[in-house]
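Below is one structure, written out as structure tokens; comments come after it.
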Amino acid sequence: MIERHHTNARMSMIVTYPLSGQMIRLAGLVADNRSADVAGQTAEILGKIDGFLAEAGVTRAEIVSAWIWLADMATFEQMNAVWDAWVPPGHGPVRACVGAALAQPDILVEIQVQAVKAG
Amino acid sequence: MIERHHTNARMSMIVTYPLSGQMIRLAGLVADNRSADVAGQTAEILGKIDGFLAEAGVTRAEIVSAWIWLADMATFEQMNAVWDAWVPPGHGPVRACVGAALAQPDILVEIQVQAVKAG
Amino acid sequence: MIERHHTNARMSMIVTYPLSGQMIRLAGLVADNRSADVAGQTAEILGKIDGFLAEAGVTRAEIVSAWIWLADMATFEQMNAVWDAWVPPGHGPVRACVGAALAQPDILVEIQVQAVKAG
């Protein structure tokens with residue numbers, strides 16, 4: 001049902017899906033362990049996403065879009081290394097990642113995703 | 001129709017809804033009275049949102065997601081005080097709030113929401 | 001099917017559409033020619049958007065929302081001049097435009113859009 005075009009290990013350029021079934025939106029999520037570096041915070045956030053998606057009855061393979069905010073764009077590749085390994089091959093969402101001031105100085109990354117349950 | 005999980009006075013961690021009915025998207029909104037502080041600008045914006053949602057036939061209880069941009073993250077709690085009082089109990093949307101440069105120096109906050117009309 | 005309210009050459013304050021048919025989401029896009037100024041980068045990105053939308057079977061007249069990130073908000077009007085000329089009259093999406101650090105120092109603007117194919 002979800003179609004992805006120009007897809008690599010990180011993301012897709014185009015994601016389309018029928019407007020039927022159910023939309024699952026998650027809040028922008030941050031890590032609880034703020035002593036972790038950006039890779040560790042990313043890993044913790046992605047674990048939270050897995051848990052919340054499971055509650056809603058979908059998996060990371062059903063994610064259609066993601067926004068990522070980094071406190072420091074110099075950490076782009078460190079975040080991406082964790083992200084790329086987490087995305088199921090062939091299921092990259094559309095994505096935008098920009099730098100932004102986050103809610104606390106020790107928050108290094110915030111991630112928000114949306115998923116679709118076919119139906 | 002709209003289901004919310006892990007909901008507090010501010011927001012929900014998960015919002016799901018059937019892909020049926022109607023989607024209502026509003027532009028990112030700023031205050032007209034730029035001499036107001038961030039609380040005042042937030043209040044004006046939320047009033048605009050109420051008006052636009054009414055035009056589209058929904059209320060703030062049908063908002064499913066919100067993005068908030070603050071010119072200065074040090075004003076996070078001042079904005080939240082107004083926001084939290086405005087959100088109908090039990091109806092918090094998913095939300096992300098980050099710091100960003102806004103279109104004019106006297107714009108302190110910008111808010112964008114989406115709502116769903118069941119059908 | 002898509003309804004727009006309070007629409008000018010740039011954008012609409014409200015966009016509504018039935019949750020039926022198909023959603024088309026594009027990734028946040030940047031220009032390849034990084035030696036171009038913000039107007040040139042904007043024009044290149046909008047060309048990419050036209051191409052990706054064509055692949056998905058829609059046009060810029062079906063765009064319902066747009067996010068624009070600028071490396072420097074002082075370039076707001078230069079970007080807008082290109083954007084405004086590109087938006088089909090009467091078809092402005094909801095929009096938010098904020099300043100953000102982008103992935104590389106020579107990336108001056110990033111644009112992400114979503115479109116809806118009625119059905």
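FYI, nothing fancy with the structure tokens labels: chains A, B, ... in order, residues from 1 per chain, ligands from 1 as they appear.
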Tell me the residues of chain A close to chain C, meaning within 6 Å using only C-alpha atoms, as a ChimeraX atom specification. /A:13-19,94-96,98-100
Could you please take those selected residues and save N, CA and C atoms as an mmCIF file, in the first residue's frame?
data_model
loop_
_atom_site.group_PDB
_atom_site.id
_atom_site.type_symbol
_atom_site.label_atom_id
_atom_site.label_comp_id
_atom_site.auth_asym_id
_atom_site.auth_seq_id
_atom_site.Cartn_x
_atom_site.Cartn_y
_atom_site.Cartn_z
ATOM 1 N N MET A 13 12.867 9.658 -1.573
ATOM 2 C CA MET A 13 12.549 10.999 -2.079
ATOM 3 C C MET A 13 11.041 11.207 -2.184
ATOM 4 N N ILE A 14 10.319 10.111 -2.475
ATOM 5 C CA ILE A 14 8.859 10.170 -2.611
ATOM 6 C C ILE A 14 8.255 9.012 -1.830
ATOM 7 N N VAL A 15 7.234 9.296 -1.025
ATOM 8 C CA VAL A 15 6.437 8.241 -0.396
ATOM 9 C C VAL A 15 4.978 8.556 -0.679
ATOM 10 N N THR A 16 4.267 7.565 -1.198
ATOM 11 C CA THR A 16 2.829 7.745 -1.441
ATOM 12 C C THR A 16 2.064 6.646 -0.706
ATOM 13 N N TYR A 17 0.837 6.963 -0.320
ATOM 14 C CA TYR A 17 -0.010 5.950 0.304
ATOM 15 C C TYR A 17 -1.470 6.349 0.142
ATOM 16 N N PRO A 18 -2.337 5.351 0.095
ATOM 17 C CA PRO A 18 -3.766 5.649 -0.023
ATOM 18 C C PRO A 18 -4.268 6.309 1.266
ATOM 19 N N LEU A 19 -5.159 7.249 1.118
ATOM 20 C CA LEU A 19 -5.788 7.872 2.283
ATOM 21 C C LEU A 19 -6.936 6.977 2.734
ATOM 22 N N VAL A 94 10.184 9.562 3.762
ATOM 23 C CA VAL A 94 10.690 10.896 3.443
ATOM 24 C C VAL A 94 11.212 11.481 4.743
ATOM 25 N N ARG A 95 12.169 12.382 4.633
ATOM 26 C CA ARG A 95 12.831 12.877 5.832
ATOM 27 C C ARG A 95 13.304 14.300 5.630
ATOM 28 N N ALA A 96 13.294 15.076 6.690
ATOM 29 C CA ALA A 96 13.990 16.356 6.703
ATOM 30 C C ALA A 96 14.751 16.430 8.013
ATOM 31 N N VAL A 98 17.196 19.183 10.171
ATOM 32 C CA VAL A 98 17.780 20.529 10.262
ATOM 33 C C VAL A 98 18.304 20.775 11.671
ATOM 34 N N GLY A 99 19.109 21.779 11.795
ATOM 35 C CA GLY A 99 19.609 22.176 13.098
ATOM 36 C C GLY A 99 18.627 23.103 13.798
ATOM 37 N N ALA A 100 18.517 22.972 15.114
ATOM 38 C CA ALA A 100 17.577 23.808 15.868
ATOM 39 C C ALA A 100 17.995 23.828 17.331
#
Which of chain B DSSP labels helix (DSSP H, G or I), written as an MDAnalysis selection string: chainID B and resid 38:56 60:62 73:86
Export of the given selection (C-alpha atoms) as an mmCIF file, in the first residue's frame:
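File written: selection-v7.cif
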data_model
loop_
_atom_site.group_PDB
_atom_site.id
_atom_site.type_symbol
_atom_site.label_atom_id
_atom_site.label_comp_id
_atom_site.auth_asym_id
_atom_site.auth_seq_id
_atom_site.Cartn_x
_atom_site.Cartn_y
_atom_site.Cartn_z
ATOM 1 C CA VAL B 38 5.870 35.472 24.162
ATOM 2 C CA ALA B 39 2.856 34.697 26.381
ATOM 3 C CA GLY B 40 0.840 37.447 24.725
ATOM 4 C CA GLN B 41 1.899 36.427 21.232
ATOM 5 C CA THR B 42 1.054 32.791 22.010
ATOM 6 C CA ALA B 43 -2.405 33.803 23.257
ATOM 7 C CA GLU B 44 -3.066 35.839 20.114
ATOM 8 C CA ILE B 45 -1.963 32.977 17.854
ATOM 9 C CA LEU B 46 -4.131 30.458 19.708
ATOM 10 C CA GLY B 47 -7.078 32.799 19.247
ATOM 11 C CA LYS B 48 -6.394 32.906 15.513
ATOM 12 C CA ILE B 49 -6.239 29.102 15.473
ATOM 13 C CA ASP B 50 -9.629 28.912 17.185
ATOM 14 C CA GLY B 51 -11.077 31.198 14.542
ATOM 15 C CA PHE B 52 -9.614 29.356 11.563
ATOM 16 C CA LEU B 53 -10.663 25.980 12.955
ATOM 17 C CA ALA B 54 -14.202 27.310 13.436
ATOM 18 C CA GLU B 55 -14.235 28.365 9.776
ATOM 19 C CA ALA B 56 -13.323 24.786 8.869
ATOM 20 C CA ARG B 60 -9.241 22.720 19.212
ATOM 21 C CA ALA B 61 -10.360 19.343 20.570
ATOM 22 C CA GLU B 62 -9.876 17.925 17.061
ATOM 23 C CA MET B 73 14.061 28.516 23.847
ATOM 24 C CA ALA B 74 14.439 30.323 27.176
ATOM 25 C CA THR B 75 10.780 31.306 26.710
ATOM 26 C CA PHE B 76 9.673 27.648 26.548
ATOM 27 C CA GLU B 77 7.829 27.663 29.873
ATOM 28 C CA GLN B 78 6.145 31.031 29.282
ATOM 29 C CA MET B 79 4.749 29.729 26.007
ATOM 30 C CA ASN B 80 3.789 26.423 27.604
ATOM 31 C CA ALA B 81 1.823 28.096 30.382
ATOM 32 C CA VAL B 82 -0.502 29.642 27.803
ATOM 33 C CA TRP B 83 -0.554 26.534 25.612
ATOM 34 C CA ASP B 84 -1.303 24.107 28.457
ATOM 35 C CA ALA B 85 -4.267 26.186 29.636
ATOM 36 C CA TRP B 86 -5.660 26.282 26.105
#
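Here atom CA of B:Met11 stands at a distance of 23.4 Å from atom CA of C:Ala66.
The two atoms in question, atom CA of A:His5 and atom CA of A:Ile68, are spaced 20.4 Å apart.
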Out of stretch 71-114 of chain B, which residues get strand (DSSP E) from DSSP, as a VMD selection string? chain B and resid 94 to 99 109 to 114
